[in-house]
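Take a look at the structure below.
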Amino acid sequence: MTDYLNNFRDRHRDELNTTQLDQRLIELSALFEISQTLNASLNLPSILNTILLVPMGRMMLSRGIILVSQPNQPFIIESLRGLPSDLAGSPVELSGLPDSPFLISEYGATDNRPKFFSEKRLELVLPVRSGRGIRVIVAFGPKLTGGKFSPDEIEFLHSLVNIALQAIENALTLGELSQVNEQLDHKVQELNTLFEIGKELNRLFEPAAILRQFSFALMGQLMVNQFVVLLREADQWQVAFRKGQIFAAFSPDQCDRFCRLLSQEKHPFRLTPGDESWQEIYNSGVRLIVPMEIQNANGGYILMASKLNNNNFSEANLSFISTLANMVMAALENARLIKEELEKQRLEEEITLAAGIQSRLLPREMPSIPGCLIHGVNIPSHQVGGDYYDILKISEERYLLAIADVSGKGMPAALLMSNLQAGLHALSTLNLELAEIVFRLNNLIYKNTSTEKYITAFFMLFEASSGRIEYVNAGHNPPYIFSSGTLKETLETGGIILGMMPDYRFETGYCTLHQHEILVMFTDGITEAMDADDHEFEERRVLSILQNNVSATPVELNQQLLGELRAFTGDVAQSDDITLVSMIKI
Amino acid sequence: MSNFEVQRHDFREGAVVYLHGFLDAHTAPRFEEALVNLIHENRYKIIVNMRSLDYISSAGLGVFMGFIEEIRDKGGDIKLSNLSTKVYKVFDLLGFPALYDICEEEGQAREKFNL
């Protein structure tokens, strides 16, 4: 500008004292005023408008355009007049242009570099350097008067654009700053959201409540109001949460198929209409897919429809949703583990309770029967089965012995066993026939249980002095009577297991335990005890031990049997209770 | 415990919901419940007056998103009024003014609804 003013007088010597000079000076002052206005404004569109409109009006120019480039970026058409308005905002690749003003009409016709300008029928191109390269290009069309641009006019316009450069740069910087500021605000808002939901998730252990919190954060932060969360539960993909009409009809079949398709995806990705591999998912309305990772595998997926404002999902959105998804997956997994732990604790408490009930139902010490030695053992398995044995004294002469095995384990088995015990104790005082006692017990058990619960049991009335036995075997392992190492009697008479059929009449068996003879009763915890190769102990091993221990006392016999059983099973944990009662008439 | 309260004042087929205190992830379920109740009562002209709302987080905004379509499908709308500068900034940051009618005063919103 300084040159322009210093040389002004020389260049216009022959015009001195003419009105033309006055006119030019007036124009000049007007343009200085404009330059002041430019520099006072930070609004880019109004600055660019001024740069185009003032020369166009004063010099009668038909069109004008302004291109601005950020370092290492193509030029962007920022403002234009007299040209199709849809060009605004489009990028233009320009290179190798001179960095001083030039006229298209003076450029070699074969040179393609200013093609962009010649196509648009622009005539004067004014590039402006800033730093390392051309930052702004302003170009104008020919004068409507048909006249040529004089060197004076060209230099004047160039000066004007140079003056405007600072204003443009200021406005651009401000624009960038406010954009960065907004991005920062967004980031802070995202972090607040993550921090807040993190705090909330720490105190939630219900999957439904966790997913609800997730839905608030997602909808508020991303403006998505249609989405579905698919989770793998018990090896099946299930819709754990859904929001919005698009997913109202999302079927289990679709859920399963989509999850299989997505199993290899590790990162969130957008769906586009052209992508054939996700065509079906796209067609169902899904626009963003977010895998939820747990232990290096996908434990779930979030499928989202488009945002309510139809904006695209940005990279920042993707990184936010990815973090959020992983937090939610971790919270869901924690909730599952806590639930499992509670379940385990509850089960253990139940087992302890059941074991307590069971142990109180067994006789604390064996009542002695005159003329007999008797010994009973019960070894409960870890899971608490339902073995039961008892000896009730009816009179000095008569004793009621029972051994039983309740189906099932845990609390239900313990309760059923207590039912049997209570029933037997009550009925034993009524002076009934043994078959009648078992008849009534069967009805009692039948009424109190479902048919998949049942009891195998053996009952006998023993007359102490004579050794006479009346017995009923309700589907239990038959007890044996051994005489001098020989099997004398297998006590099988009776009927079906208890609790299966009402009003069933049992048969009564009769036999006698003579002096030195052994009677052994046991449950299938002995005969079905397993070794490491899944072989059972079986009756034949029990029989062979009884054959070989002719003169043992009941205690010794039981020890011998259990010793051999332990040697057979080794360290294999047994799943069933073991009960064994032996008696000898002396 | 965050300090948050929801009150409502019913007008025929609509209602004004007054929010007080902090609307964040912790208190969002209570606001959601209030909206669910209005929908169950077929009140679809809803004005949320935020005169006494001190803070809103994204989770709070999420509650607005969850029902807007259903309410508009039923011929209603959610209009917001009396936002403080701080609260408005959050709505603005996340692009809500493009989707929701935000009024200066409750009275304007009621006029638009004819309540």
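Lettering and numbering for the structure tokens are positional, with chains as A, B, ... in the shown order, residues counted from 1 in each chain, and ligands counted from 1 in the shown order.
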
Q.
Using only C-alpha atoms and a distance of at most 9 Å, pull out the residues of chain A that contact chain B, as a PyMOL selection string.
A. chain A and resi 182+185-186+189-190+192-193+196-197+199-200+212-226+243-245+308-309

Residue selection dump (N, CA and C atoms) as a PDB file, in the first residue's frame:
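Just written: out-v7.pdb:
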ATOM      1  N   GLU A 182     -15.754 -25.621  21.503  1.00  0.00           N
ATOM      2  CA  GLU A 182     -16.977 -26.409  21.546  1.00  0.00           C
ATOM      3  C   GLU A 182     -16.655 -27.885  21.692  1.00  0.00           C
ATOM      4  N   ASP A 185     -15.800 -28.474  25.228  1.00  0.00           N
ATOM      5  CA  ASP A 185     -17.017 -28.534  26.038  1.00  0.00           C
ATOM      6  C   ASP A 185     -17.686 -29.900  25.899  1.00  0.00           C
ATOM      7  N   HIS A 186     -17.705 -30.403  24.645  1.00  0.00           N
ATOM      8  CA  HIS A 186     -18.292 -31.721  24.390  1.00  0.00           C
ATOM      9  C   HIS A 186     -17.539 -32.799  25.152  1.00  0.00           C
ATOM     10  N   GLN A 189     -18.273 -32.669  28.735  1.00  0.00           N
ATOM     11  CA  GLN A 189     -19.606 -33.217  28.978  1.00  0.00           C
ATOM     12  C   GLN A 189     -19.566 -34.749  28.929  1.00  0.00           C
ATOM     13  N   GLU A 190     -18.826 -35.291  27.940  1.00  0.00           N
ATOM     14  CA  GLU A 190     -18.683 -36.750  27.821  1.00  0.00           C
ATOM     15  C   GLU A 190     -18.037 -37.326  29.070  1.00  0.00           C
ATOM     16  N   ASN A 192     -17.873 -36.032  32.051  1.00  0.00           N
ATOM     17  CA  ASN A 192     -18.806 -35.930  33.171  1.00  0.00           C
ATOM     18  C   ASN A 192     -19.800 -37.082  33.143  1.00  0.00           C
ATOM     19  N   THR A 193     -20.299 -37.363  31.925  1.00  0.00           N
ATOM     20  CA  THR A 193     -21.282 -38.435  31.778  1.00  0.00           C
ATOM     21  C   THR A 193     -20.674 -39.769  32.183  1.00  0.00           C
ATOM     22  N   GLU A 196     -20.104 -39.893  35.907  1.00  0.00           N
ATOM     23  CA  GLU A 196     -21.370 -40.014  36.628  1.00  0.00           C
ATOM     24  C   GLU A 196     -21.932 -41.432  36.543  1.00  0.00           C
ATOM     25  N   ILE A 197     -21.891 -41.991  35.340  1.00  0.00           N
ATOM     26  CA  ILE A 197     -22.465 -43.341  35.198  1.00  0.00           C
ATOM     27  C   ILE A 197     -21.571 -44.354  35.901  1.00  0.00           C
ATOM     28  N   LYS A 199     -19.994 -43.867  38.661  1.00  0.00           N
ATOM     29  CA  LYS A 199     -20.368 -43.795  40.070  1.00  0.00           C
ATOM     30  C   LYS A 199     -21.670 -44.571  40.310  1.00  0.00           C
ATOM     31  N   GLU A 200     -22.608 -44.399  39.399  1.00  0.00           N
ATOM     32  CA  GLU A 200     -23.921 -45.040  39.531  1.00  0.00           C
ATOM     33  C   GLU A 200     -23.788 -46.560  39.404  1.00  0.00           C
ATOM     34  N   ARG A 212     -30.740 -49.511  32.385  1.00  0.00           N
ATOM     35  CA  ARG A 212     -31.531 -48.292  32.398  1.00  0.00           C
ATOM     36  C   ARG A 212     -30.600 -47.079  32.485  1.00  0.00           C
ATOM     37  N   GLN A 213     -29.632 -47.136  33.386  1.00  0.00           N
ATOM     38  CA  GLN A 213     -28.655 -46.050  33.495  1.00  0.00           C
ATOM     39  C   GLN A 213     -27.936 -45.852  32.171  1.00  0.00           C
ATOM     40  N   PHE A 214     -27.548 -46.967  31.576  1.00  0.00           N
ATOM     41  CA  PHE A 214     -26.862 -46.913  30.286  1.00  0.00           C
ATOM     42  C   PHE A 214     -27.731 -46.190  29.259  1.00  0.00           C
ATOM     43  N   SER A 215     -29.023 -46.485  29.272  1.00  0.00           N
ATOM     44  CA  SER A 215     -29.906 -45.889  28.271  1.00  0.00           C
ATOM     45  C   SER A 215     -29.983 -44.372  28.454  1.00  0.00           C
ATOM     46  N   PHE A 216     -30.000 -43.890  29.701  1.00  0.00           N
ATOM     47  CA  PHE A 216     -30.024 -42.438  29.933  1.00  0.00           C
ATOM     48  C   PHE A 216     -28.788 -41.781  29.338  1.00  0.00           C
ATOM     49  N   ALA A 217     -27.616 -42.357  29.654  1.00  0.00           N
ATOM     50  CA  ALA A 217     -26.359 -41.754  29.197  1.00  0.00           C
ATOM     51  C   ALA A 217     -26.307 -41.743  27.669  1.00  0.00           C
ATOM     52  N   LEU A 218     -26.723 -42.846  27.078  1.00  0.00           N
ATOM     53  CA  LEU A 218     -26.669 -42.972  25.621  1.00  0.00           C
ATOM     54  C   LEU A 218     -27.611 -41.981  24.945  1.00  0.00           C
ATOM     55  N   MET A 219     -28.844 -41.930  25.432  1.00  0.00           N
ATOM     56  CA  MET A 219     -29.840 -41.068  24.793  1.00  0.00           C
ATOM     57  C   MET A 219     -29.479 -39.595  24.973  1.00  0.00           C
ATOM     58  N   GLY A 220     -29.027 -39.241  26.187  1.00  0.00           N
ATOM     59  CA  GLY A 220     -28.715 -37.854  26.458  1.00  0.00           C
ATOM     60  C   GLY A 220     -27.490 -37.381  25.708  1.00  0.00           C
ATOM     61  N   GLN A 221     -26.469 -38.226  25.651  1.00  0.00           N
ATOM     62  CA  GLN A 221     -25.212 -37.785  25.074  1.00  0.00           C
ATOM     63  C   GLN A 221     -25.209 -37.888  23.554  1.00  0.00           C
ATOM     64  N   LEU A 222     -25.845 -38.900  22.997  1.00  0.00           N
ATOM     65  CA  LEU A 222     -25.748 -39.126  21.548  1.00  0.00           C
ATOM     66  C   LEU A 222     -27.032 -38.815  20.784  1.00  0.00           C
ATOM     67  N   MET A 223     -28.098 -38.474  21.487  1.00  0.00           N
ATOM     68  CA  MET A 223     -29.357 -38.191  20.801  1.00  0.00           C
ATOM     69  C   MET A 223     -29.892 -39.395  20.045  1.00  0.00           C
ATOM     70  N   VAL A 224     -29.649 -40.568  20.606  1.00  0.00           N
ATOM     71  CA  VAL A 224     -30.180 -41.779  19.995  1.00  0.00           C
ATOM     72  C   VAL A 224     -31.369 -42.201  20.844  1.00  0.00           C
ATOM     73  N   ASN A 225     -32.506 -42.460  20.226  1.00  0.00           N
ATOM     74  CA  ASN A 225     -33.623 -42.917  21.053  1.00  0.00           C
ATOM     75  C   ASN A 225     -34.181 -44.254  20.577  1.00  0.00           C
ATOM     76  N   GLN A 226     -33.451 -44.894  19.651  1.00  0.00           N
ATOM     77  CA  GLN A 226     -33.860 -46.231  19.220  1.00  0.00           C
ATOM     78  C   GLN A 226     -32.619 -47.116  19.234  1.00  0.00           C
ATOM     79  N   LYS A 243     -35.310 -50.030  23.044  1.00  0.00           N
ATOM     80  CA  LYS A 243     -35.957 -48.731  23.132  1.00  0.00           C
ATOM     81  C   LYS A 243     -36.302 -48.308  21.711  1.00  0.00           C
ATOM     82  N   GLY A 244     -37.506 -47.832  21.501  1.00  0.00           N
ATOM     83  CA  GLY A 244     -37.883 -47.289  20.197  1.00  0.00           C
ATOM     84  C   GLY A 244     -38.620 -48.290  19.331  1.00  0.00           C
ATOM     85  N   GLN A 245     -39.419 -47.731  18.404  1.00  0.00           N
ATOM     86  CA  GLN A 245     -40.298 -48.561  17.573  1.00  0.00           C
ATOM     87  C   GLN A 245     -39.548 -49.481  16.624  1.00  0.00           C
ATOM     88  N   LEU A 308     -31.655 -38.914  16.500  1.00  0.00           N
ATOM     89  CA  LEU A 308     -32.946 -38.254  16.315  1.00  0.00           C
ATOM     90  C   LEU A 308     -32.802 -37.044  15.392  1.00  0.00           C
ATOM     91  N   ASN A 309     -31.635 -36.387  15.416  1.00  0.00           N
ATOM     92  CA  ASN A 309     -31.446 -35.225  14.538  1.00  0.00           C
ATOM     93  C   ASN A 309     -30.808 -35.606  13.194  1.00  0.00           C
TER      94      ASN A 309
END

(Q) With only C-alpha atoms as the counted atoms, please give the residues lying no more than 12 Å from Met59 (chain A), apart from itself and same-chain residues fewer than 6 positions off, as a PyMOL selection string. (A) chain A and resi 27+52-53+140-150+153-154+156-157

- Task: Could you tell me how far CA of Ser314 (chain A) lies from CA of Leu83 (chain B), in Å and to one decimal?
- Result: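 These atoms are spaced 27.9 Å apart.
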
- Go through region 7-106 of chain B and collect every residue that DSSP, computed from the backbone, puts in alpha helix (DSSP H); the answer should be as a PyMOL selection string. chain B and resi 28-40+58-73+85-93+106

Query raised in the report: region 169-288 of chain A: which residues are strand (DSSP E or B) by DSSP, as number ranges by chain?
Result: A: 227-233, 236-243, 269-270, 288

Preceding selection exported with C-alpha atoms as a PDB file, in the first residue's frame:
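Produced file part-v7.pdb, reproduced below:
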ATOM      1  CA  PHE A 227     -31.465 -48.984  20.179  1.00  0.00           C
ATOM      2  CA  VAL A 228     -31.253 -52.522  21.426  1.00  0.00           C
ATOM      3  CA  VAL A 229     -28.776 -54.276  23.734  1.00  0.00           C
ATOM      4  CA  LEU A 230     -28.114 -57.937  22.966  1.00  0.00           C
ATOM      5  CA  LEU A 231     -26.429 -60.052  25.621  1.00  0.00           C
ATOM      6  CA  ARG A 232     -25.257 -63.617  25.768  1.00  0.00           C
ATOM      7  CA  GLU A 233     -27.001 -65.423  28.584  1.00  0.00           C
ATOM      8  CA  GLN A 236     -28.018 -67.843  24.046  1.00  0.00           C
ATOM      9  CA  TRP A 237     -28.217 -64.379  22.558  1.00  0.00           C
ATOM     10  CA  GLN A 238     -31.026 -62.406  24.078  1.00  0.00           C
ATOM     11  CA  VAL A 239     -32.510 -58.963  23.811  1.00  0.00           C
ATOM     12  CA  ALA A 240     -31.623 -57.500  27.208  1.00  0.00           C
ATOM     13  CA  PHE A 241     -32.911 -53.977  26.573  1.00  0.00           C
ATOM     14  CA  ARG A 242     -34.776 -52.253  23.778  1.00  0.00           C
ATOM     15  CA  LYS A 243     -35.957 -48.731  23.132  1.00  0.00           C
ATOM     16  CA  PHE A 269     -18.554 -49.216  13.306  1.00  0.00           C
ATOM     17  CA  ARG A 270     -21.139 -47.378  11.241  1.00  0.00           C
ATOM     18  CA  LEU A 288     -24.171 -48.139  14.365  1.00  0.00           C
TER      19      LEU A 288
END

- Query: Counting only C-alpha atoms, what is within 10 Å of Val286 (chain A), bar same-chain residues fewer than 2 positions away, as JSON, numbers by chain?
  - Reply: {"A": [226, 227, 228, 246, 247, 270, 271, 272, 278, 279, 280, 281, 282, 283, 284, 288, 289, 302, 303, 304, 305, 306]}

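Among the candidates A:Ala413, A:Ile134, A:Leu97, A:Ile526, the residue lying nearest to Ser69 (chain A) is A:Ile134 (atoms considered: only C-alpha atoms).
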
Find the spatial neighbours of Glu539 (chain A), counting only C-alpha atoms, within a cut-off of 12 Å - ignore same-chain residues fewer than 3 positions away - and output them as number ranges by chain.
-> A: 477-480, 490, 520-529, 536, 542-546, 561, 565

field: Two-atom distance - CA of Ala109 (chain B), CA of Phe11 (chain B) (Å)
entry: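 Distance reported for this atom pair: 12.6 Å.
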
Contacts of region 420-437 of chain A within 6 Å, only C-alpha atoms, excl. fewer than 3 positions in-chain, as an mmCIF file with N, CA and C atoms, in the first residue's frame:
data_model
loop_
_atom_site.group_PDB
_atom_site.id
_atom_site.type_symbol
_atom_site.label_atom_id
_atom_site.label_comp_id
_atom_site.auth_asym_id
_atom_site.auth_seq_id
_atom_site.Cartn_x
_atom_site.Cartn_y
_atom_site.Cartn_z
ATOM 1 N N MET A 417 -37.315 -86.383 54.935
ATOM 2 C CA MET A 417 -36.840 -87.336 55.927
ATOM 3 C C MET A 417 -37.413 -87.018 57.302
ATOM 4 N N ARG A 440 -49.805 -96.631 56.424
ATOM 5 C CA ARG A 440 -50.126 -95.240 56.749
ATOM 6 C C ARG A 440 -48.959 -94.301 56.394
ATOM 7 N N PHE A 506 -48.888 -103.496 51.822
ATOM 8 C CA PHE A 506 -47.576 -104.153 51.849
ATOM 9 C C PHE A 506 -47.692 -105.535 52.470
#

From CA of Gly467 (chain A) to CA of Glu517 (chain A) the spacing works out at 10.0 Å

- prompt: Hey, what's within 8 Å of Val328 (chain A) if we count only C-alpha atoms and toss same-chain stuff fewer than 5 positions away? As a PyMOL selection string, please?
  reply: chain A and resi 201+210-211+214

Residues near His158 (chain A), anyone? I mean within 9 Å using only C-alpha atoms, not counting same-chain ones fewer than 2 positions away, as an mmCIF file with all heavy atoms, in the first residue's frame.
data_model
loop_
_atom_site.group_PDB
_atom_site.id
_atom_site.type_symbol
_atom_site.label_atom_id
_atom_site.label_comp_id
_atom_site.auth_asym_id
_atom_site.auth_seq_id
_atom_site.Cartn_x
_atom_site.Cartn_y
_atom_site.Cartn_z
ATOM 1 N N SER A 100 1.656 -13.818 -7.485
ATOM 2 C CA SER A 100 1.321 -12.407 -7.672
ATOM 3 C C SER A 100 0.148 -12.313 -8.648
ATOM 4 O O SER A 100 -0.155 -13.284 -9.351
ATOM 5 C CB SER A 100 2.541 -11.664 -8.218
ATOM 6 O OG SER A 100 2.998 -12.317 -9.376
ATOM 7 N N PRO A 101 -0.526 -11.181 -8.690
ATOM 8 C CA PRO A 101 -1.732 -11.074 -9.513
ATOM 9 C C PRO A 101 -1.447 -11.366 -10.996
ATOM 10 O O PRO A 101 -0.366 -11.061 -11.493
ATOM 11 C CB PRO A 101 -2.134 -9.607 -9.341
ATOM 12 C CG PRO A 101 -1.508 -9.179 -8.079
ATOM 13 C CD PRO A 101 -0.252 -9.948 -7.938
ATOM 14 N N LEU A 126 -6.064 -12.835 -7.970
ATOM 15 C CA LEU A 126 -5.221 -12.136 -6.997
ATOM 16 C C LEU A 126 -4.841 -13.078 -5.857
ATOM 17 O O LEU A 126 -5.586 -13.211 -4.872
ATOM 18 C CB LEU A 126 -5.982 -10.930 -6.417
ATOM 19 C CG LEU A 126 -6.512 -9.907 -7.408
ATOM 20 C CD1 LEU A 126 -7.691 -9.160 -6.832
ATOM 21 C CD2 LEU A 126 -5.406 -8.940 -7.791
ATOM 22 N N PRO A 127 -3.708 -13.757 -5.965
ATOM 23 C CA PRO A 127 -3.286 -14.650 -4.870
ATOM 24 C C PRO A 127 -2.612 -13.826 -3.782
ATOM 25 O O PRO A 127 -1.940 -12.848 -4.081
ATOM 26 C CB PRO A 127 -2.282 -15.583 -5.539
ATOM 27 C CG PRO A 127 -2.238 -15.192 -6.990
ATOM 28 C CD PRO A 127 -2.769 -13.805 -7.096
ATOM 29 N N VAL A 128 -2.820 -14.246 -2.515
ATOM 30 C CA VAL A 128 -2.173 -13.547 -1.407
ATOM 31 C C VAL A 128 -1.419 -14.548 -0.562
ATOM 32 O O VAL A 128 -1.988 -15.549 -0.118
ATOM 33 C CB VAL A 128 -3.199 -12.811 -0.529
ATOM 34 C CG1 VAL A 128 -2.475 -11.978 0.514
ATOM 35 C CG2 VAL A 128 -4.095 -11.940 -1.375
ATOM 36 N N VAL A 138 -8.349 -14.300 -4.433
ATOM 37 C CA VAL A 138 -9.577 -13.610 -4.809
ATOM 38 C C VAL A 138 -9.524 -13.459 -6.323
ATOM 39 O O VAL A 138 -8.475 -13.119 -6.882
ATOM 40 C CB VAL A 138 -9.666 -12.227 -4.133
ATOM 41 C CG1 VAL A 138 -10.969 -11.531 -4.523
ATOM 42 C CG2 VAL A 138 -9.569 -12.378 -2.622
ATOM 43 N N GLU A 153 -5.424 -0.518 -11.365
ATOM 44 C CA GLU A 153 -6.567 -1.187 -10.748
ATOM 45 C C GLU A 153 -6.143 -2.524 -10.124
ATOM 46 O O GLU A 153 -6.568 -2.884 -9.039
ATOM 47 C CB GLU A 153 -7.671 -1.416 -11.793
ATOM 48 C CG GLU A 153 -8.431 -0.146 -12.113
ATOM 49 C CD GLU A 153 -9.335 -0.304 -13.334
ATOM 50 O OE1 GLU A 153 -9.029 -1.154 -14.206
ATOM 51 O OE2 GLU A 153 -10.335 0.410 -13.415
ATOM 52 N N ILE A 154 -5.282 -3.215 -10.900
ATOM 53 C CA ILE A 154 -4.827 -4.525 -10.400
ATOM 54 C C ILE A 154 -4.065 -4.354 -9.099
ATOM 55 O O ILE A 154 -4.332 -5.038 -8.102
ATOM 56 C CB ILE A 154 -3.945 -5.217 -11.457
ATOM 57 C CG1 ILE A 154 -4.794 -5.553 -12.684
ATOM 58 C CG2 ILE A 154 -3.331 -6.503 -10.883
ATOM 59 C CD1 ILE A 154 -3.986 -6.063 -13.853
ATOM 60 N N GLU A 155 -3.146 -3.389 -9.095
ATOM 61 C CA GLU A 155 -2.349 -3.205 -7.880
ATOM 62 C C GLU A 155 -3.232 -2.745 -6.724
ATOM 63 O O GLU A 155 -3.061 -3.159 -5.584
ATOM 64 C CB GLU A 155 -1.230 -2.208 -8.119
ATOM 65 C CG GLU A 155 -0.279 -2.217 -6.928
ATOM 66 C CD GLU A 155 1.025 -1.509 -7.226
ATOM 67 O OE1 GLU A 155 1.235 -1.085 -8.363
ATOM 68 O OE2 GLU A 155 1.824 -1.387 -6.288
ATOM 69 N N PHE A 156 -4.207 -1.923 -7.057
ATOM 70 C CA PHE A 156 -5.113 -1.439 -6.037
ATOM 71 C C PHE A 156 -5.926 -2.592 -5.405
ATOM 72 O O PHE A 156 -6.003 -2.735 -4.189
ATOM 73 C CB PHE A 156 -6.060 -0.404 -6.652
ATOM 74 C CG PHE A 156 -7.109 0.036 -5.690
ATOM 75 C CD1 PHE A 156 -6.774 0.883 -4.639
ATOM 76 C CD2 PHE A 156 -8.409 -0.401 -5.796
ATOM 77 C CE1 PHE A 156 -7.725 1.279 -3.737
ATOM 78 C CE2 PHE A 156 -9.365 -0.017 -4.883
ATOM 79 C CZ PHE A 156 -9.027 0.837 -3.856
ATOM 80 N N LEU A 160 -5.890 -4.165 -1.629
ATOM 81 C CA LEU A 160 -7.098 -4.331 -0.824
ATOM 82 C C LEU A 160 -7.185 -5.743 -0.229
ATOM 83 O O LEU A 160 -7.455 -5.925 0.962
ATOM 84 C CB LEU A 160 -8.329 -4.044 -1.687
ATOM 85 C CG LEU A 160 -9.656 -4.280 -0.974
ATOM 86 C CD1 LEU A 160 -9.883 -3.205 0.078
ATOM 87 C CD2 LEU A 160 -10.813 -4.319 -1.953
ATOM 88 N N VAL A 161 -6.902 -6.721 -1.091
ATOM 89 C CA VAL A 161 -6.974 -8.117 -0.617
ATOM 90 C C VAL A 161 -5.923 -8.353 0.450
ATOM 91 O O VAL A 161 -6.149 -9.042 1.445
ATOM 92 C CB VAL A 161 -6.817 -9.091 -1.803
ATOM 93 C CG1 VAL A 161 -6.801 -10.520 -1.301
ATOM 94 C CG2 VAL A 161 -7.944 -8.888 -2.795
ATOM 95 N N ASN A 162 -4.731 -7.752 0.252
ATOM 96 C CA ASN A 162 -3.676 -7.878 1.250
ATOM 97 C C ASN A 162 -4.107 -7.322 2.605
ATOM 98 O O ASN A 162 -3.846 -7.917 3.645
ATOM 99 C CB ASN A 162 -2.424 -7.138 0.784
ATOM 100 C CG ASN A 162 -1.431 -8.102 0.166
ATOM 101 O OD1 ASN A 162 -1.164 -9.161 0.731
ATOM 102 N ND2 ASN A 162 -0.920 -7.761 -0.999
ATOM 103 N N ILE A 163 -4.765 -6.160 2.538
ATOM 104 C CA ILE A 163 -5.261 -5.555 3.775
ATOM 105 C C ILE A 163 -6.275 -6.496 4.433
ATOM 106 O O ILE A 163 -6.267 -6.706 5.641
ATOM 107 C CB ILE A 163 -5.927 -4.196 3.490
ATOM 108 C CG1 ILE A 163 -4.864 -3.187 3.090
ATOM 109 C CG2 ILE A 163 -6.691 -3.706 4.713
ATOM 110 C CD1 ILE A 163 -5.439 -1.887 2.570
#

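When only C-alpha atoms are used to measure the gap to Gly14 (chain B), the shortest distance among B:Tyr55, B:Phe31, B:Tyr44, B:Tyr88 belongs to B:Tyr44.
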